[in-house]
There are 2 protein chains.
Amino acid sequence: MSSTNLTFPSRDAHRAWLATQAILPAGFRVGITSLSFVPVEVPKPAKMDVTLIAMDRPTPDFAGVFTRNALPGAPVVLSRQRLNEATVGAVVVNSKVSNVRAPDGVAIAERWCEAVAGALGLHGRQVLPNSTGVIGWRVPVEAMLAALPDAVASLGQRSLLDAATAIMTTDLYPKVRRALVGQGSIVGFGKGAGMIEPNLATMLVFLLTDVAIPRTELRRMLVPAVDCSFNCMSIDSDTSTSDTVLLLSSGAVPCPDPAAFERALSQVCQDLAEDMPRNGEGVHHVLRIRVSGAPNETIARGVGKSVVNSPLFKCAVCGNDANVGRLVCAIGKYVGPAAPDLDLRNLRIRMGGIPIFEAGSFHLDAKVEAALVAHLKQAELYASAPPVDGVFRPPVDYPTHERCVEVEIDLGAGNAGATVIGADLSHEYVSENADYRS
Amino acid sequence: MSSTNLTFPSRDAHRAWLATQAILPAGFRVGITSLSFVPVEVPKPAKMDVTLIAMDRPTPDFAGVFTRNALPGAPVVLSRQRLNEATVGAVVVNSKVSNVRAPDGVAIAERWCEAVAGALGLHGRQVLPNSTGVIGWRVPVEAMLAALPDAVASLGQRSLLDAATAIMTTDLYPKVRRALVGQGSIVGFGKGAGMIEPNLATMLVFLLTDVAIPRTELRRMLVPAVDCSFNCMSIDSDTSTSDTVLLLSSGAVPCPDPAAFERALSQVCQDLAEDMPRNGEGVHHVLRIRVSGAPNETIARGVGKSVVNSPLFKCAVCGNDANVGRLVCAIGKYVGPAAPDLDLRNLRIRMGGIPIFEAGSFHLDAKVEAALVAHLKQAELYASAPPVDGVFRPPVDYPTHERCVEVEIDLGAGNAGATVIGADLSHEYVSENADYRS
């Protein structure tokens, strides 16, 4: 799925590569500031980053896709409405508090957008708000308003690496991917490490381009690009209240070839969709499940999602334990209720290219077991070290490589397929999430 | 849901109470043996327990409900067929290997049943086979046949506590529940601690009664009893390939009141369904989600299942972290795709009896937070201790109490409801499952 197959020997090597991706397209400026506040709900000092993306001129050419969670955050409620505006001129993002179902959340988000708009010479409805962090808490709007002049003063043509860093919550590292289209580019950056099964998690993705593509075309292209990338990915099956993918074109560069733009857009989305689980909370292994031979794409994706969301298979992978019985369990638990008439007699499964299941049964022995374990170990991003205080922390804050645990499932019952990306389940995930807010 | 509200100050106190439940009904005998073998797949010595439940006389009055996993184990395939037999006379159970999709698994299970039948004067099809353990491995049928005479020789009117212990895999303690009906009783025992979201995990439940109830009535009663108990429960969302609930009546005692029998059957099933997550792998807290105000029972159960299967909410509960934002996320992630037209404006949520959400938003402050944390702490079964070797193990092998984290969700959109039982997600779960087979 990833268009690259890189290894990163060090944090510096990873950051240097990111810098080559994070080149701001023409027509945009970026501003960043941070602030301190004390949440009403848990009165301990907290820090928030505010990121501002301003366009040189408001654009009619923008698109957005949002969470299908039935209790979305205030920023999602407003941004969804603002898809109907003639033009937008800015995107604003805050970390730490997601402004989901807090008292007066929508009114507070509107007030914040009005203030941003005022500073930039826009109307409030021309600002697309985004928030990520704790659900249920109030955003500290007074502190944010006080910090706004700083953010505005910092606006400039800087690297998007700063923005990709400022929007992080539990992310270990920033995520940025770039594709060239003619004289222009599409640059996407995103955050998200937990509460991730986009059904468009708290996943925010911003795709900026200077390539001129009209709004209707942008919106038509974004749906399949998201569908085959973020919607085919899960870290922990928790579809967030705040998932957002925004795509804005400044139109500064003419489009040489809309089909090339659409391919580049899909590639950036797919690369970012693989970056998310690779940086998922506590992730040791990225899983790539290629399902083929399905009667339709829904079943192909359902099988893939069932495997990447199986806690037992995820734990086994984490331990480099080739417990492929759990893989078959996960396939069967989905197919039983969802497609009871599906004939699985021709089911064939490979892991790391090694055949493990066909003609109705497993084909396992000590040699196969050893080969499967070797495949798991080469795909491991890092090993856990028992911590002295019982709190597991990842030992690296960069992706050491782009290898995956490769699983191929041929259902033998049709011509449809899907590739689904996921992650294992580890002590580091539990440590991160058993006391995330403190 | 539990009919009792017990606390157990010690392992001995728990075992003494279990003994009061594990009284074998009239008409049954129990035999147990154990054996050693070396699996072909991972050649390290392993131990298996074999349990035999023999009836004094074959009975026409039996019922069974099985997993909906599309790749069921060989014992499920055979037992499902044998529901059509005129009578059955024995139930046989082995631990360690589940005989799921191993080469020639069905033929091997048939051979095993034939041998058991031969020793008991039955036909092979009068034996209901059950296996639990690793998926994909071959059962060591030669070693089992060699151990069979021991199992048969040990048959007698003993406590079911031995059987409930022999069928365990990762269970920490045996699970037995009893209800009296007239002069007779229903005694249920079961195993299961992981791969548990029965859709009717490797959950095996055996319900034995001496109360005379005809087959058609037994089968009619078992479906709703299972539906409101095991099918409203999840430890880790992984529906096993081997889930089985069997109900056998010896008919030794006349039934005074079929309605009383049906109530007792439901109660035993509900009590056992709560015992499973309480003894779930690494479980620190049992969750009880009471959903009301739903337009129908499917949605009520779907909301409850979504909450108990949310890894993020489960981790937060494990850490005694009142991160109720994740609770609301889990409700919304289900309702969004499953019931997009459901109006959630009247949604109200309580935890531990404390109102936290109404009229569209949270109502949280430092006092509410402290009360929620107190509720979580009183429901904790035990606290983790950081292990010196990095492998977390539960410090107790008995349930210290029967309290739950109590969540009430009123969807405000109808009159249907459901109660769903689940568990938190802990380091002990990950340790158990990252290297279960070794």
# chains A, B, ... in the order shown; residues from 1 in each chain; ligands from 1

call {"tool": "residues_around", "arguments": {"residues": "range 86-97 of chain A", "least_positions_apart": "2", "cutoff": "6 Å", "atoms": "only C-alpha atoms", "output": "ChimeraX atom specification"}}
result
/A:48-55,58-60,99,126-134,139,167

call {"tool": "interface_residues", "arguments": {"of": "chain B", "to": "chain A", "cutoff": "6 Å", "atoms": "only C-alpha atoms", "output": "number ranges by chain"}}
result
B: 41-42, 68-71, 101-103, 135-136, 239, 241, 315-316, 318-319, 321, 325, 329, 332-333, 335-336, 361-362, 364-366, 386, 390, 427, 430, 433-435

call {"tool": "residues_around", "arguments": {"residues": "Ala164 in chain B", "least_positions_apart": "2", "cutoff": "9 Å", "atoms": "only C-alpha atoms", "output": "ChimeraX atom specification"}}
result
/B:22,160-162,166-168,173-176,189-191

call {"tool": "write_last_selection", "arguments": {"atoms": "N, CA and C atoms", "output": "PDB file, in the first residue's frame"}}
result
ATOM      1  N   ALA B  22     -21.970 -27.162  43.152  1.00  0.00           N
ATOM      2  CA  ALA B  22     -21.515 -28.195  42.220  1.00  0.00           C
ATOM      3  C   ALA B  22     -22.069 -29.578  42.549  1.00  0.00           C
ATOM      4  N   LEU B 160     -19.336 -31.778  40.762  1.00  0.00           N
ATOM      5  CA  LEU B 160     -19.043 -31.232  39.438  1.00  0.00           C
ATOM      6  C   LEU B 160     -17.874 -30.262  39.463  1.00  0.00           C
ATOM      7  N   LEU B 161     -17.391 -29.932  40.653  1.00  0.00           N
ATOM      8  CA  LEU B 161     -16.259 -29.022  40.757  1.00  0.00           C
ATOM      9  C   LEU B 161     -15.031 -29.598  40.057  1.00  0.00           C
ATOM     10  N   ASP B 162     -14.863 -30.921  40.124  1.00  0.00           N
ATOM     11  CA  ASP B 162     -13.733 -31.552  39.427  1.00  0.00           C
ATOM     12  C   ASP B 162     -13.868 -31.360  37.916  1.00  0.00           C
ATOM     13  N   ALA B 166     -11.509 -29.385  35.352  1.00  0.00           N
ATOM     14  CA  ALA B 166     -10.807 -30.113  34.282  1.00  0.00           C
ATOM     15  C   ALA B 166     -11.013 -29.480  32.907  1.00  0.00           C
ATOM     16  N   ILE B 167     -12.117 -28.785  32.706  1.00  0.00           N
ATOM     17  CA  ILE B 167     -12.371 -28.205  31.374  1.00  0.00           C
ATOM     18  C   ILE B 167     -11.722 -26.844  31.200  1.00  0.00           C
ATOM     19  N   MET B 168     -11.047 -26.322  32.233  1.00  0.00           N
ATOM     20  CA  MET B 168     -10.472 -24.979  32.151  1.00  0.00           C
ATOM     21  C   MET B 168      -9.284 -24.923  31.188  1.00  0.00           C
ATOM     22  N   TYR B 173     -10.297 -19.938  37.632  1.00  0.00           N
ATOM     23  CA  TYR B 173     -11.044 -20.727  38.616  1.00  0.00           C
ATOM     24  C   TYR B 173     -12.262 -21.349  37.936  1.00  0.00           C
ATOM     25  N   PRO B 174     -12.804 -22.426  38.524  1.00  0.00           N
ATOM     26  CA  PRO B 174     -13.990 -23.063  37.947  1.00  0.00           C
ATOM     27  C   PRO B 174     -15.236 -22.201  38.154  1.00  0.00           C
ATOM     28  N   LYS B 175     -16.215 -22.392  37.294  1.00  0.00           N
ATOM     29  CA  LYS B 175     -17.453 -21.621  37.331  1.00  0.00           C
ATOM     30  C   LYS B 175     -18.639 -22.578  37.345  1.00  0.00           C
ATOM     31  N   VAL B 176     -19.423 -22.546  38.427  1.00  0.00           N
ATOM     32  CA  VAL B 176     -20.572 -23.444  38.593  1.00  0.00           C
ATOM     33  C   VAL B 176     -21.719 -22.666  39.210  1.00  0.00           C
ATOM     34  N   PHE B 189     -22.188 -25.581  34.476  1.00  0.00           N
ATOM     35  CA  PHE B 189     -20.781 -25.235  34.651  1.00  0.00           C
ATOM     36  C   PHE B 189     -20.201 -24.911  33.289  1.00  0.00           C
ATOM     37  N   GLY B 190     -19.178 -24.070  33.330  1.00  0.00           N
ATOM     38  CA  GLY B 190     -18.650 -23.617  32.049  1.00  0.00           C
ATOM     39  C   GLY B 190     -17.218 -23.172  32.168  1.00  0.00           C
ATOM     40  N   LYS B 191     -16.603 -22.993  31.012  1.00  0.00           N
ATOM     41  CA  LYS B 191     -15.235 -22.486  30.949  1.00  0.00           C
ATOM     42  C   LYS B 191     -15.221 -21.376  29.900  1.00  0.00           C
TER      43      LYS B 191
END

call {"tool": "atom_distance", "arguments": {"atom1": "CA of Leu18 in chain B", "atom2": "CA of Arg177 in chain B"}}
result
7.8 Å

call {"tool": "select_by_dssp", "arguments": {"residues": "range 86-227 of chain A", "states": "strand (DSSP E)", "output": "PyMOL selection string"}}
result
chain A and resi 88-94+127-131+175-181+184-191+204-211

call {"tool": "select_by_dssp", "arguments": {"residues": "range 94-308 of chain B", "states": "helix (DSSP H, G or I)", "output": "count of residues only"}}
result
88

call {"tool": "closest_residue", "arguments": {"among": "B:Glu408, B:Glu262, B:Asp171, B:Asp56", "to": "Val223 in chain B", "atoms": "only C-alpha atoms"}}
result
B:Glu262

call {"tool": "atom_distance", "arguments": {"atom1": "CA of Ala374 in chain A", "atom2": "CA of Gly304 in chain A"}}
result
22.5 Å

call {"tool": "atom_distance", "arguments": {"atom1": "CA of Val396 in chain A", "atom2": "CA of Arg288 in chain A"}}
result
21.8 Å

call {"tool": "residues_around", "arguments": {"residues": "Ala115 in chain B", "least_positions_apart": "3", "cutoff": "8 Å", "atoms": "only C-alpha atoms", "output": "number ranges by chain"}}
result
B: 111-112, 118-119, 124, 145

call {"tool": "write_last_selection", "arguments": {"atoms": "N, CA and C atoms", "output": "PDB file, in the first residue's frame"}}
result
ATOM      1  N   ARG B 111     -13.860 -40.951  15.588  1.00  0.00           N
ATOM      2  CA  ARG B 111     -13.157 -42.129  16.127  1.00  0.00           C
ATOM      3  C   ARG B 111     -13.119 -42.076  17.654  1.00  0.00           C
ATOM      4  N   TRP B 112     -12.871 -40.900  18.192  1.00  0.00           N
ATOM      5  CA  TRP B 112     -12.832 -40.692  19.644  1.00  0.00           C
ATOM      6  C   TRP B 112     -14.199 -40.992  20.261  1.00  0.00           C
ATOM      7  N   GLY B 118     -18.083 -47.124  22.888  1.00  0.00           N
ATOM      8  CA  GLY B 118     -17.799 -48.544  23.112  1.00  0.00           C
ATOM      9  C   GLY B 118     -17.614 -48.861  24.592  1.00  0.00           C
ATOM     10  N   ALA B 119     -16.923 -47.974  25.297  1.00  0.00           N
ATOM     11  CA  ALA B 119     -16.651 -48.205  26.722  1.00  0.00           C
ATOM     12  C   ALA B 119     -17.902 -48.050  27.579  1.00  0.00           C
ATOM     13  N   GLY B 124     -21.709 -44.519  18.754  1.00  0.00           N
ATOM     14  CA  GLY B 124     -20.863 -43.327  18.645  1.00  0.00           C
ATOM     15  C   GLY B 124     -21.661 -42.040  18.537  1.00  0.00           C
ATOM     16  N   LEU B 145      -6.984 -42.055  23.431  1.00  0.00           N
ATOM     17  CA  LEU B 145      -7.540 -43.411  23.484  1.00  0.00           C
ATOM     18  C   LEU B 145      -6.861 -44.226  24.583  1.00  0.00           C
TER      19      LEU B 145
END

call {"tool": "closest_residue", "arguments": {"among": "A:Val407, A:Val268, A:Ile108, A:Cys113", "to": "Phe230 in chain A", "atoms": "only C-alpha atoms"}}
result
A:Val268

call {"tool": "residues_around", "arguments": {"residues": "Pro140 in chain B", "least_positions_apart": "3", "cutoff": "8 Å", "atoms": "only C-alpha atoms", "output": "list in words"}}
result
Phe37, Pro39, Ala143 and Met144 of chain B

call {"tool": "write_last_selection", "arguments": {"atoms": "N, CA and C atoms", "output": "PDB file, in the first residue's frame"}}
result
ATOM      1  N   PHE B  37       1.249 -35.096  26.185  1.00  0.00           N
ATOM      2  CA  PHE B  37       1.534 -35.348  24.766  1.00  0.00           C
ATOM      3  C   PHE B  37       2.442 -34.259  24.229  1.00  0.00           C
ATOM      4  N   PRO B  39       2.624 -31.836  20.936  1.00  0.00           N
ATOM      5  CA  PRO B  39       1.967 -31.414  19.693  1.00  0.00           C
ATOM      6  C   PRO B  39       2.933 -31.467  18.511  1.00  0.00           C
ATOM      7  N   ALA B 143      -3.036 -40.794  22.223  1.00  0.00           N
ATOM      8  CA  ALA B 143      -2.832 -40.600  23.671  1.00  0.00           C
ATOM      9  C   ALA B 143      -4.170 -40.541  24.405  1.00  0.00           C
ATOM     10  N   MET B 144      -5.165 -39.957  23.736  1.00  0.00           N
ATOM     11  CA  MET B 144      -6.485 -39.868  24.361  1.00  0.00           C
ATOM     12  C   MET B 144      -7.117 -41.255  24.485  1.00  0.00           C
TER      13      MET B 144
END
